[in-house]
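**Student:** Structure file protein_35.txt (compact mmCIF, C-alpha atoms) right here:
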```txt
# COMPACT_ATOMS: atom_id res chain seq x y z
CA MET A 19 30.96 15.92 -20.51
CA ALA A 20 28.14 14.09 -18.74
CA ALA A 21 24.83 15.90 -18.66
CA SER A 22 23.94 17.39 -15.28
CA VAL A 23 21.24 15.54 -13.36
CA ARG A 24 18.39 17.55 -11.88
CA GLN A 25 17.74 16.75 -8.25
CA THR A 26 14.13 16.10 -7.28
CA SER A 27 13.21 16.41 -3.61
CA PHE A 28 10.56 17.74 -1.25
CA ILE A 29 10.69 20.92 0.83
CA TYR A 30 8.14 22.92 2.84
CA LEU A 31 6.79 26.42 2.44
CA SER A 32 8.12 27.21 5.92
CA GLN A 33 11.63 26.47 4.61
CA ILE A 34 11.23 29.08 1.87
CA ILE A 35 9.50 31.92 3.70
CA ASN A 36 12.02 34.42 5.13
CA LEU A 37 14.91 32.94 3.13
CA PRO A 38 17.37 35.64 2.00
CA VAL A 39 17.24 36.53 -1.69
CA ALA A 40 20.50 37.49 -3.37
CA ASP A 41 21.50 38.32 -6.92
CA ILE A 42 24.13 36.32 -8.82
CA SER A 43 26.87 38.62 -7.53
CA GLY A 44 26.00 37.69 -3.96
CA GLU A 45 24.45 41.02 -3.05
CA LYS A 46 21.46 40.58 -0.71
CA ILE A 47 18.17 42.00 -2.03
CA GLY A 48 15.73 41.08 0.72
CA ARG A 49 13.80 38.13 2.18
CA ILE A 50 11.02 36.00 0.73
CA TYR A 51 7.67 37.15 2.09
CA ASP A 52 5.41 34.99 -0.05
CA VAL A 53 5.29 32.98 -3.27
CA ILE A 54 2.76 33.18 -6.09
CA ALA A 55 1.35 30.03 -7.67
CA ASP A 56 -0.73 29.25 -10.74
CA ILE A 57 -3.62 26.93 -9.73
CA ARG A 58 -4.71 25.84 -13.22
CA GLY A 59 -2.77 22.57 -13.26
CA MET A 60 -3.22 19.40 -11.22
CA TYR A 61 -0.63 20.84 -8.82
CA PRO A 62 -0.10 24.61 -8.45
CA LYS A 63 3.21 25.72 -9.94
CA ILE A 64 5.08 28.52 -8.19
CA ASN A 65 5.73 31.25 -10.74
CA ALA A 66 6.73 34.36 -8.78
CA LEU A 67 8.40 35.58 -5.58
CA ALA A 68 7.18 38.32 -3.24
CA VAL A 69 10.31 39.77 -1.61
CA LYS A 70 10.40 42.18 1.34
CA VAL A 71 13.17 44.73 0.76
CA GLY A 72 14.43 46.65 3.76
CA PHE A 73 11.69 48.60 5.49
CA GLN A 74 9.50 48.92 2.42
CA LYS A 75 5.87 48.22 3.25
CA GLU A 76 4.97 46.53 -0.03
CA PRO A 77 7.02 43.58 -1.32
CA ARG A 78 8.69 43.48 -4.72
CA TYR A 79 7.61 40.75 -7.11
CA TYR A 80 10.01 38.76 -9.25
CA PRO A 81 8.99 36.15 -11.84
CA TRP A 82 10.21 32.65 -11.06
CA LYS A 83 11.97 32.45 -14.44
CA ILE A 84 14.83 34.57 -13.05
CA VAL A 85 15.47 32.18 -10.11
CA ARG A 86 18.82 30.49 -10.67
CA ASN A 87 19.29 28.40 -7.53
CA ILE A 88 17.59 27.44 -4.27
CA ILE A 89 20.08 26.68 -1.54
CA GLU A 90 17.94 25.09 1.17
CA ASP A 91 18.03 26.79 4.57
CA ARG A 92 20.44 29.39 3.16
CA CYS A 93 19.21 31.57 0.29
CA VAL A 94 17.61 31.90 -3.15
CA ILE A 95 19.74 33.22 -6.00
CA ILE A 96 18.11 35.28 -8.75
CA ASP A 97 19.40 37.01 -11.88
CA HIS A 98 17.42 40.20 -12.20
CA SER A 99 19.77 42.00 -14.54
CA GLY A 100 17.66 43.87 -17.07
CA HIS A 101 14.51 43.00 -15.16
CA ASP A 102 12.28 46.01 -14.60
CA GLU A 103 8.92 44.34 -13.95
CA THR A 104 9.18 45.21 -10.25
CA LEU A 105 8.78 48.87 -11.15
CA GLU A 106 5.24 48.20 -12.38
CA PRO A 107 2.26 47.60 -10.02
CA PHE A 108 1.89 43.86 -9.49
CA ARG A 109 -1.52 42.30 -10.11
CA LEU A 110 -2.49 38.69 -9.63
CA SER A 111 -3.89 37.05 -12.72
CA GLU A 112 -7.23 35.24 -12.56
CA ASN A 113 -5.51 31.90 -11.87
CA GLU A 114 -2.88 33.06 -9.37
CA ILE A 115 -2.89 33.05 -5.58
CA ARG A 116 -0.51 34.12 -2.84
CA ILE A 117 0.33 30.84 -1.12
CA ARG A 118 1.32 32.06 2.36
CA GLU A 119 -1.43 34.68 2.59
CA THR A 120 -4.07 32.29 1.27
CA PHE A 121 -3.30 29.06 3.09
CA TRP A 122 -1.30 29.43 6.27
CA ASP A 123 -3.52 29.08 9.37
CA LYS A 124 -6.67 28.87 7.25
CA GLN A 125 -9.34 26.16 7.60
CA ILE A 126 -9.73 23.07 5.49
CA VAL A 127 -12.39 20.36 5.49
CA ASP A 128 -10.76 17.00 6.15
CA ILE A 129 -12.97 14.42 4.43
CA SER A 130 -11.31 11.46 6.18
CA GLY A 131 -12.12 12.86 9.60
CA SER A 132 -15.26 14.78 8.66
CA LYS A 133 -14.00 17.85 10.49
CA VAL A 134 -12.34 21.21 10.03
CA VAL A 135 -8.58 21.35 10.51
CA ARG A 136 -5.98 24.09 10.16
CA VAL A 137 -3.36 24.39 7.44
CA ASN A 138 0.01 24.48 9.21
CA ASP A 139 2.36 24.18 6.24
CA LEU A 140 2.51 23.20 2.57
CA HIS A 141 4.54 20.33 1.10
CA ILE A 142 6.35 21.27 -2.11
CA LEU A 143 7.92 19.14 -4.85
CA LYS A 144 11.28 20.63 -5.87
CA ASP A 145 12.50 19.67 -9.35
CA GLY A 146 15.71 21.61 -9.90
CA VAL A 147 14.49 25.16 -9.32
CA LYS A 148 10.89 24.42 -10.29
CA LEU A 149 8.40 24.09 -7.44
CA TRP A 150 4.88 22.58 -7.25
CA ILE A 151 2.48 22.45 -4.28
CA VAL A 152 1.60 18.75 -3.74
CA HIS A 153 0.24 18.39 -0.17
CA VAL A 154 -1.37 20.45 2.55
CA ASP A 155 0.17 19.79 5.98
CA VAL A 156 -2.44 19.73 8.75
CA GLY A 157 -0.35 17.88 11.34
CA PHE A 158 1.33 18.92 14.58
CA LYS A 159 4.75 18.57 12.94
CA GLY A 160 3.84 21.45 10.64
CA ILE A 161 3.45 23.80 13.60
CA LEU A 162 6.75 22.63 15.15
CA ARG A 163 8.54 23.06 11.84
CA ARG A 164 7.35 26.66 11.49
CA LEU A 165 8.48 27.42 15.04
CA GLY A 166 11.88 25.92 14.29
CA TRP A 167 11.39 23.20 16.91
CA GLY A 168 10.81 20.28 14.54
CA ARG A 169 14.04 18.33 14.89
CA PHE A 170 14.51 19.09 18.60
CA PHE A 171 10.96 18.16 19.60
CA SER A 172 10.98 15.00 17.45
CA SER A 173 14.22 13.89 19.10
CA ILE A 174 12.80 14.46 22.59
CA VAL A 175 9.60 12.51 21.80
CA ARG A 176 11.63 9.68 20.25
CA TRP A 177 13.96 9.53 23.29
CA LEU A 178 11.25 9.75 25.97
CA PHE A 179 8.47 7.70 24.40
CA SER A 180 10.08 5.76 21.54
CA TYR A 181 7.51 7.38 19.30
CA GLU A 182 8.03 8.90 15.88
CA LEU A 183 6.00 12.02 15.10
CA ARG A 184 4.38 11.57 11.69
CA ASP A 185 3.37 14.07 9.06
CA LYS A 186 -0.32 14.47 8.33
CA PHE A 187 -0.92 15.47 4.74
CA ILE A 188 -3.99 16.01 2.58
CA GLN A 189 -3.32 15.60 -1.12
CA TRP A 190 -3.70 18.78 -3.13
CA LYS A 191 -6.08 17.09 -5.57
CA TYR A 192 -8.61 16.87 -2.69
CA VAL A 193 -8.31 20.60 -2.00
CA GLN A 194 -9.88 23.55 -3.76
CA PRO A 195 -10.99 27.09 -2.92
CA ILE A 196 -14.52 27.63 -1.64
CA SER A 197 -14.54 31.36 -2.29
CA PRO A 198 -15.93 32.81 -5.51
CA ALA A 199 -13.49 32.94 -8.42
CA GLY A 200 -11.03 35.76 -8.01
CA ASP A 201 -11.89 36.47 -4.35
CA PHE A 202 -8.97 35.15 -2.32
CA LYS A 203 -8.98 37.58 0.59
CA SER A 204 -10.98 35.37 2.95
CA LEU A 205 -10.19 32.08 1.28
CA SER A 206 -10.50 28.84 3.18
CA LEU A 207 -10.30 25.37 1.71
CA LYS A 208 -12.40 22.30 1.25
CA VAL A 209 -12.41 18.98 -0.53
CA PRO A 210 -14.13 18.99 -3.92
CA HIS A 211 -17.92 19.11 -3.88
CA THR A 212 -17.99 15.63 -5.43
CA LYS A 213 -16.11 14.26 -2.43
CA LEU A 214 -17.88 16.40 0.17
CA SER A 215 -21.32 15.36 -1.04
CA GLN A 216 -20.48 11.73 -0.27
CA LEU A 217 -20.50 12.44 3.46
CA HIS A 218 -23.54 11.77 5.63
CA PRO A 219 -25.68 14.91 6.15
CA ALA A 220 -24.94 14.76 9.89
CA ASP A 221 -21.18 14.89 9.15
CA LEU A 222 -21.71 17.74 6.73
CA ALA A 223 -23.69 19.58 9.40
CA ASP A 224 -20.81 19.13 11.87
CA ILE A 225 -18.44 20.62 9.29
CA LEU A 226 -20.67 23.65 8.75
CA VAL A 227 -20.92 24.23 12.51
CA ASP A 228 -17.12 24.44 12.70
CA LEU A 229 -16.82 26.98 9.87
CA GLY A 230 -17.25 30.73 10.03
CA ALA A 231 -20.57 32.27 8.97
CA GLU A 232 -19.33 33.38 5.54
CA GLU A 233 -17.70 30.06 4.62
CA ARG A 234 -20.68 28.15 6.08
CA LEU A 235 -23.16 29.90 3.80
CA LEU A 236 -20.82 29.59 0.81
CA ILE A 237 -20.55 25.81 1.21
CA PHE A 238 -24.26 25.39 1.98
CA ASN A 239 -25.19 27.22 -1.21
CA SER A 240 -22.94 24.92 -3.25
CA PHE A 241 -25.16 21.88 -2.60
CA ASP A 242 -28.17 20.91 -4.65
CA VAL A 243 -31.62 21.37 -3.12
CA PRO A 244 -32.17 17.79 -1.80
CA THR A 245 -28.72 17.71 -0.15
CA ALA A 246 -29.20 21.19 1.33
CA SER A 247 -32.53 20.02 2.78
CA ASP A 248 -30.91 16.96 4.38
CA ILE A 249 -28.13 19.07 5.90
CA LEU A 250 -30.51 21.75 7.18
CA GLN A 251 -32.42 19.14 9.20
CA GLU A 252 -29.21 18.10 10.99
CA LEU A 253 -28.15 21.60 12.01
CA PRO A 254 -28.99 23.18 15.38
CA LEU A 255 -32.14 25.29 15.18
CA LYS A 256 -30.31 28.57 15.79
CA MET A 257 -27.93 27.85 12.92
CA ARG A 258 -30.81 26.72 10.70
CA LEU A 259 -32.41 30.10 11.31
CA MET A 260 -29.20 31.96 10.54
CA ILE A 261 -28.81 30.14 7.23
CA ALA A 262 -32.50 30.38 6.32
CA LYS A 263 -32.51 34.15 6.90
CA SER A 264 -29.43 34.50 4.68
CA LEU A 265 -30.95 32.65 1.72
CA ASP A 266 -33.04 34.31 -0.95
CA HIS A 267 -36.72 33.40 -0.68
CA GLU A 268 -36.80 31.35 -3.88
CA ARG A 269 -33.97 29.01 -2.84
CA LEU A 270 -35.31 28.71 0.72
CA ALA A 271 -38.75 27.77 -0.62
CA LYS A 272 -37.26 25.06 -2.86
CA ILE A 273 -35.35 23.62 0.10
CA LEU A 274 -38.40 23.68 2.38
CA ASP A 275 -40.46 21.97 -0.31
CA GLU A 276 -38.02 19.03 0.01
CA THR A 277 -38.03 19.10 3.82
CA PRO A 278 -40.30 17.03 6.13
CA MET A 279 -43.33 19.00 7.28
CA ASP A 280 -42.47 18.96 11.00
CA GLU A 281 -39.04 20.45 10.30
CA VAL A 282 -40.59 23.13 8.07
CA VAL A 283 -43.05 24.08 10.80
CA ASP A 284 -40.30 24.29 13.45
CA LEU A 285 -38.30 26.63 11.22
CA LEU A 286 -41.11 28.88 9.99
CA ASP A 287 -42.45 29.21 13.53
CA GLU A 288 -39.25 31.15 14.36
CA MET A 289 -39.06 33.21 11.16
CA PRO A 290 -40.29 36.81 10.73
CA TYR A 291 -43.88 37.19 9.52
CA GLU A 292 -42.79 38.95 6.30
CA THR A 293 -40.44 36.08 5.40
CA VAL A 294 -43.06 33.43 6.12
CA THR A 295 -45.59 35.25 3.95
CA ALA A 296 -43.07 35.43 1.09
CA ILE A 297 -42.31 31.71 1.43
CA TYR A 298 -46.04 30.85 1.38
CA ALA A 299 -46.34 32.56 -2.00
CA LEU A 300 -43.63 30.26 -3.43
CA LEU A 301 -44.83 26.93 -1.97
CA PRO A 302 -47.65 24.71 -3.31
CA GLU A 303 -51.05 25.71 -1.92
CA ASP A 304 -51.72 22.32 -0.32
CA LYS A 305 -48.41 22.43 1.54
CA VAL A 306 -49.12 25.96 2.78
CA ALA A 307 -52.49 24.84 4.11
CA GLN A 308 -50.85 21.96 6.00
CA ILE A 309 -48.20 24.27 7.46
CA LYS A 310 -50.81 26.75 8.68
CA ASP A 311 -52.82 23.97 10.31
CA LEU A 312 -49.75 22.60 12.10
CA LEU A 313 -48.64 26.04 13.27
CA LYS A 314 -51.96 26.39 15.12
CA LEU A 315 -51.27 23.32 17.25
CA SER A 316 -49.72 23.43 20.72
CA ASP A 317 -45.97 22.87 20.63
CA ARG A 318 -46.44 20.22 23.35
CA SER A 319 -48.98 18.15 21.42
CA ALA A 320 -48.43 15.18 19.12
CA GLY A 321 -49.81 17.22 16.22
CA SER A 322 -46.94 19.69 16.49
CA LEU A 323 -44.44 16.87 15.85
CA MET A 324 -46.40 15.32 13.01
CA ASN A 325 -45.07 14.93 9.49
CA THR A 326 -47.97 14.82 7.04
CA GLU A 327 -45.99 12.94 4.36
CA PHE A 328 -46.18 9.15 4.76
CA ILE A 329 -46.88 6.00 2.71
CA SER A 330 -50.27 4.33 2.81
CA ALA A 331 -52.07 1.57 0.95
CA ALA A 332 -55.63 0.32 0.44
CA GLU A 333 -56.61 -3.08 1.80
CA HIS A 334 -57.17 -4.60 -1.66
CA GLU A 335 -53.82 -3.51 -3.13
CA THR A 336 -51.11 -6.06 -3.92
CA VAL A 337 -47.57 -6.14 -2.58
CA ARG A 338 -46.31 -5.33 -6.10
CA THR A 339 -48.39 -2.14 -6.28
CA VAL A 340 -47.32 -1.00 -2.81
CA LEU A 341 -43.62 -1.64 -3.45
CA ARG A 342 -43.87 0.46 -6.62
CA ARG A 343 -45.40 3.27 -4.53
CA VAL A 344 -42.63 2.98 -1.94
CA ARG A 345 -40.00 3.42 -4.65
CA GLN A 346 -41.80 6.44 -6.08
CA MET A 347 -42.35 8.19 -2.74
CA ALA A 348 -39.08 7.28 -1.01
CA PRO A 349 -37.25 10.51 -2.00
CA ASP A 350 -40.04 12.68 -0.56
CA VAL A 351 -40.99 11.00 2.75
CA GLU A 352 -39.12 10.89 6.03
CA SER A 353 -39.83 7.24 6.83
CA ILE A 354 -40.51 4.32 4.45
CA TYR A 355 -40.22 1.45 6.92
CA TYR A 356 -43.95 1.34 7.76
CA VAL A 357 -46.80 1.35 5.25
CA TYR A 358 -50.20 2.03 6.83
CA VAL A 359 -53.13 0.11 5.34
CA LEU A 360 -56.24 2.34 5.38
CA ASN A 361 -59.91 1.57 4.94
CA ASP A 362 -62.23 3.70 2.82
CA ARG A 363 -62.59 6.23 5.68
CA ASP A 364 -58.80 6.78 6.03
CA ILE A 365 -58.76 4.86 9.31
CA PRO A 366 -55.68 2.63 9.86
CA ALA A 367 -56.82 -0.97 9.44
CA GLY A 368 -53.34 -2.42 9.64
CA VAL A 369 -49.63 -1.86 9.09
CA VAL A 370 -46.96 -3.70 7.09
CA THR A 371 -43.21 -3.23 7.25
CA LEU A 372 -40.86 -2.77 4.33
CA LYS A 373 -39.20 -6.06 5.28
CA GLN A 374 -42.54 -7.89 4.99
CA LEU A 375 -43.13 -6.41 1.55
CA LEU A 376 -39.69 -7.44 0.32
CA VAL A 377 -39.99 -11.09 1.39
CA THR A 378 -43.65 -11.65 0.34
CA GLU A 379 -44.92 -12.83 -3.04
CA HIS A 380 -45.74 -9.76 -5.11
CA GLY A 381 -49.20 -11.01 -6.04
CA LYS A 382 -50.48 -11.18 -2.45
CA ARG A 383 -52.78 -8.50 -1.03
CA VAL A 384 -51.38 -6.36 1.76
CA SER A 385 -54.45 -7.13 3.88
CA ASP A 386 -53.27 -10.76 4.01
CA ILE A 387 -49.93 -9.89 5.64
CA MET A 388 -50.72 -6.73 7.66
CA ARG A 389 -50.77 -6.52 11.43
CA ALA A 390 -54.27 -5.41 12.30
CA ASN A 391 -53.64 -3.87 15.73
CA VAL A 392 -52.15 -0.49 14.85
CA ILE A 393 -50.67 1.43 17.78
CA ARG A 394 -51.49 5.12 17.27
CA VAL A 395 -51.55 8.48 19.01
CA LYS A 396 -54.06 11.31 18.79
CA ILE A 397 -53.26 14.79 17.53
CA SER A 398 -54.06 16.24 20.97
CA ASP A 399 -51.92 13.75 22.96
CA HIS A 400 -49.09 15.25 25.00
CA VAL A 401 -45.56 14.71 23.67
CA LYS A 402 -44.68 12.69 26.78
CA THR A 403 -47.43 10.22 25.89
CA VAL A 404 -45.91 9.91 22.43
CA ALA A 405 -42.44 9.27 23.88
CA GLU A 406 -43.86 6.59 26.16
CA ILE A 407 -45.35 4.79 23.14
CA PHE A 408 -41.97 4.74 21.43
CA TYR A 409 -40.22 3.58 24.58
CA LYS A 410 -42.73 0.77 25.17
CA TYR A 411 -43.02 -0.60 21.63
CA ASN A 412 -39.63 0.35 20.13
CA PHE A 413 -41.22 1.69 16.92
CA THR A 414 -39.36 4.01 14.58
CA ALA A 415 -42.60 5.83 13.67
CA VAL A 416 -46.23 5.93 14.84
CA PRO A 417 -49.34 7.24 13.04
CA VAL A 418 -51.23 10.28 14.30
CA VAL A 419 -55.05 10.25 14.12
CA ASP A 420 -57.83 12.72 14.84
CA GLU A 421 -60.87 12.30 17.10
CA PHE A 422 -62.55 10.19 14.39
CA ASP A 423 -59.50 7.91 14.12
CA ARG A 424 -58.57 9.21 10.65
CA ILE A 425 -54.83 9.31 9.97
CA HIS A 426 -53.23 12.73 9.46
CA GLY A 427 -49.52 11.99 9.63
CA ILE A 428 -46.70 10.19 11.42
CA ILE A 429 -44.18 11.00 14.15
CA THR A 430 -40.66 9.59 14.06
CA MET A 431 -38.79 8.44 17.15
CA LYS A 432 -36.16 11.15 16.63
CA ASP A 433 -38.74 13.94 16.65
CA ALA A 434 -40.57 12.54 19.68
CA PHE A 435 -37.49 12.29 21.89
CA GLU A 436 -36.08 15.61 20.74
CA SER A 437 -39.31 17.24 21.90
CA VAL A 438 -39.32 15.50 25.29
CA PHE A 439 -35.67 16.31 25.92
CA SER A 440 -35.89 19.85 24.56
CA GLU A 441 -33.66 21.17 27.33
CA ILE A 442 -30.85 18.84 26.24
CA ARG A 443 -31.38 19.81 22.61
CA GLU A 444 -31.15 23.51 23.45
CA GLU A 445 -27.86 22.93 25.24
CA THR A 446 -26.39 21.03 22.28
CA GLU A 447 -27.53 23.75 19.91
CA GLU A 448 -25.52 26.50 21.58
CA ILE A 449 -23.25 28.00 18.99
```
Take the structure in the file and give it back as structure tokens.
**Tutor:**
Amino acid sequence: MAASVRQTSFIYLSQIINLPVADISGEKIGRIYDVIADIRGMYPKINALAVKVGFQKEPRYYPWKIVRNIIEDRCVIIDHSGHDETLEPFRLSENEIRIRETFWDKQIVDISGSKVVRVNDLHILKDGVKLWIVHVDVGFKGILRRLGWGRFFSSIVRWLFSYELRDKFIQWKYVQPISPAGDFKSLSLKVPHTKLSQLHPADLADILVDLGAEERLLIFNSFDVPTASDILQELPLKMRLMIAKSLDHERLAKILDETPMDEVVDLLDEMPYETVTAIYALLPEDKVAQIKDLLKLSDRSAGSLMNTEFISAAEHETVRTVLRRVRQMAPDVESIYYVYVLNDRDIPAGVVTLKQLLVTEHGKRVSDIMRANVIRVKISDHVKTVAEIFYKYNFTAVPVVDEFDRIHGIITMKDAFESVFSEIREETEEI
């Protein structure tokens, strides 16, 4: 006799949920309420059934090993003779999750679209009676399928518009829980941290805005300090405050130590006095002194927008020396495009661009290639004056000097225009 051939195909979770469950004699036991899967492998393997029996509030659980047949769109046949495990309280193991309860209508971060989408169904590989979760369905067809309108609606769209509705899947290997191990009650999903961290901080910020407060903080805390700092700068101020107030002081201080000074000042200016005092105790003394000085300035002056971290050079230094400094300081400064050449009194004598440094012989002195006429603003200048400078000269940053013309910091174009158009910024920051 020829050996039987196992049939491999694909089905959906929506095709399993509510299917009748019968024993091998044909007697109906109940309907499938959920399925349990083991998430240790590359693809979660379904290893138990949760079956609603009559009007019982709690479902009965049957191990998948007693499933004998899955008749699609009709029923699931089990052989539970001699099986008494349902009499014992059912407990999920450390690596098990309830698929329907965990995933249906929950949120997932879609790395290809840099946005949050909803899980509408799950795509399952069926090998005989063995089942594995292989894709998450986030498309419109998933909703139609669950409503039982899939075939009808697809036919109408095909007839009216000659258009074929397509599935939209995210591979399971790009999906993992974001909740702490063992806590699946409020589980949502995300792509792995290694994939998520490849996104631009602005995209990551958009994702966090779309998530709920609990999931937002959970994902934010998963990033290293430099990445968390980059993301924090892209978030609306109100959300920055919410996250900052939720962090422990030690982690917040580490993040702020990586953050441009103007952004730190904006945030601490809105924080409670007790929190600010605690943060001061954890930051370097020189940084605390700079923050306190900036907090004293009017929020409509150039000084309030100033970032005190920038790259400078002495007139006698060579291009080689300055390029080495740029590489060393690049991770810690907001702008590296301009290097300000200072005299012995810290007064800007000239400016060179990164492009000039890259195309010039390394042995030349920066004073030989600098532009001597440095456009600058004073600490006390109004923010509108600063914006006018940017508009007129199309700079990406300008230096800020005191009454004696000594440089104290720089202002970026982004910070200048955000300050001038504060009303627009406030509207976009509404949560």
**Student:** Would you mind reading off the distance between atom CA of Tyr291 of chain A and atom CA of Asp266 of chain A, one decimal, in Å?
**Tutor:**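 The value is 15.3 Å.
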**Student:** Interatomic distance between atom CA of Val147 of chain A and atom CA of Glu114 of chain A?
**Tutor:**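 Atom CA of Glu114 of chain A lies at a distance of 19.1 Å from atom CA of Val147 of chain A.
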**Student:** What lies within 12 Å of Val340 of chain A using all atoms listed in the file, ignoring chain neighbours under 6 positions off, as a PyMOL selection string?
**Tutor:** chain A and resi 329-334+346-348+354+356-359+370-372+374-376+378+380-385
**Student:** Using only C-alpha atoms, can you tell me which of A:Val243, A:Ile126, A:Ile34, A:Ile387 comes closest to Leu149 of chain A?
**Tutor:**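 That would be A:Ile34, the residue with the smallest distance to Leu149 of chain A.
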**Student:** Do a neighbour search on Ala307 of chain A at 12 Å with all atoms listed in the file, toss out local chain neighbours closer than 6 positions, and write the hits as a PyMOL selection string.
**Tutor:** chain A and resi 279+283+298-299+301+313-314+326
**Student:** Could you check how far atom CA of Val85 of chain A sits from atom CA of Asp97 of chain A, in Å to one decimal?
**Tutor:**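 Taking atom CA of Val85 of chain A and atom CA of Asp97 of chain A, their separation equals 6.5 Å.
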**Student:** Choose the residue, out of A:Arg118, A:Lys75, A:Arg343, A:Arg394, that has the smallest atom-to-atom separation from Ile54 of chain A; count all atoms listed in the file.
**Tutor:**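 Looking at the shortest contact to Ile54 of chain A, the residue is A:Arg118.
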**Student:** Using all atoms listed in the file, which of the listed residues (A:Trp82, A:Phe435, A:Phe408, A:Phe238) sits closest to Ala55 of chain A?
**Tutor:**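 Looking at the shortest contact to Ala55 of chain A, the residue is A:Trp82.
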**Student:** In the coordinate frame of the file, compute which residues have an atom within 12 Å of (-37.4, 23.5, 14.7) when using only C-alpha atoms, and state them as a PyMOL selection string.
**Tutor:** chain A and resi 250-259+262+277-289+313+317+322-323+433+436-437+440+443-444+447
**Student:** List the spatial neighbours of Asn36 of chain A as a short mmCIF file (atom, residue, chain, number, x, y, z; two decimals) with C-alpha atoms, keeping the file's coordinate frame - criterion: any atom at most 6 Å away, only C-alpha atoms, same-chain residues fewer than 2 positions off excluded.
**Tutor:**
```cif
data_model
loop_
_atom_site.label_atom_id
_atom_site.label_comp_id
_atom_site.auth_asym_id
_atom_site.auth_seq_id
_atom_site.Cartn_x
_atom_site.Cartn_y
_atom_site.Cartn_z
CA ARG A 49 13.80 38.13 2.18
CA ILE A 50 11.02 36.00 0.73
CA TYR A 51 7.67 37.15 2.09
#
```
**Student:** Using all atoms listed in the file, which residues sit within 12 Å of Lys396 of chain A once same-chain residues fewer than 2 positions away are excluded, as a PDB file with C-alpha atoms, in the frame of the given file?
**Tutor:**
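Below you can see part31.pdb, which holds the result:
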```
ATOM      1  CA  SER A 319     -48.980  18.150  21.420  1.00  0.00           C
ATOM      2  CA  ALA A 320     -48.430  15.180  19.120  1.00  0.00           C
ATOM      3  CA  GLY A 321     -49.810  17.220  16.220  1.00  0.00           C
ATOM      4  CA  SER A 322     -46.940  19.690  16.490  1.00  0.00           C
ATOM      5  CA  LEU A 323     -44.440  16.870  15.850  1.00  0.00           C
ATOM      6  CA  MET A 324     -46.400  15.320  13.010  1.00  0.00           C
ATOM      7  CA  ILE A 393     -50.670   1.430  17.780  1.00  0.00           C
ATOM      8  CA  ARG A 394     -51.490   5.120  17.270  1.00  0.00           C
ATOM      9  CA  SER A 398     -54.060  16.240  20.970  1.00  0.00           C
ATOM     10  CA  ASP A 399     -51.920  13.750  22.960  1.00  0.00           C
ATOM     11  CA  HIS A 400     -49.090  15.250  25.000  1.00  0.00           C
ATOM     12  CA  VAL A 401     -45.560  14.710  23.670  1.00  0.00           C
ATOM     13  CA  THR A 403     -47.430  10.220  25.890  1.00  0.00           C
ATOM     14  CA  VAL A 404     -45.910   9.910  22.430  1.00  0.00           C
ATOM     15  CA  ILE A 407     -45.350   4.790  23.140  1.00  0.00           C
ATOM     16  CA  VAL A 416     -46.230   5.930  14.840  1.00  0.00           C
ATOM     17  CA  PRO A 417     -49.340   7.240  13.040  1.00  0.00           C
ATOM     18  CA  VAL A 418     -51.230  10.280  14.300  1.00  0.00           C
ATOM     19  CA  VAL A 419     -55.050  10.250  14.120  1.00  0.00           C
ATOM     20  CA  ASP A 420     -57.830  12.720  14.840  1.00  0.00           C
ATOM     21  CA  GLU A 421     -60.870  12.300  17.100  1.00  0.00           C
ATOM     22  CA  PHE A 422     -62.550  10.190  14.390  1.00  0.00           C
ATOM     23  CA  ASP A 423     -59.500   7.910  14.120  1.00  0.00           C
ATOM     24  CA  ARG A 424     -58.570   9.210  10.650  1.00  0.00           C
ATOM     25  CA  ILE A 425     -54.830   9.310   9.970  1.00  0.00           C
ATOM     26  CA  HIS A 426     -53.230  12.730   9.460  1.00  0.00           C
ATOM     27  CA  GLY A 427     -49.520  11.990   9.630  1.00  0.00           C
ATOM     28  CA  ILE A 428     -46.700  10.190  11.420  1.00  0.00           C
ATOM     29  CA  ILE A 429     -44.180  11.000  14.150  1.00  0.00           C
TER      30      ILE A 429
END
```
**Student:** Given all atoms listed in the file as the basis, pick out the residue of A:Asp145, A:Lys410, A:Asp123, A:Glu276 nearest to Gly157 of chain A.
**Tutor:**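 Ranking A:Asp145, A:Lys410, A:Asp123, A:Glu276 by distance to Gly157 of chain A, first place goes to A:Asp123.
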**Student:** Would you mind listing what lies within 10 Å of Ser99 of chain A as a count of residues only, with all atoms listed in the file counted and same-chain residues fewer than 3 positions away left out?
**Tutor:** 5
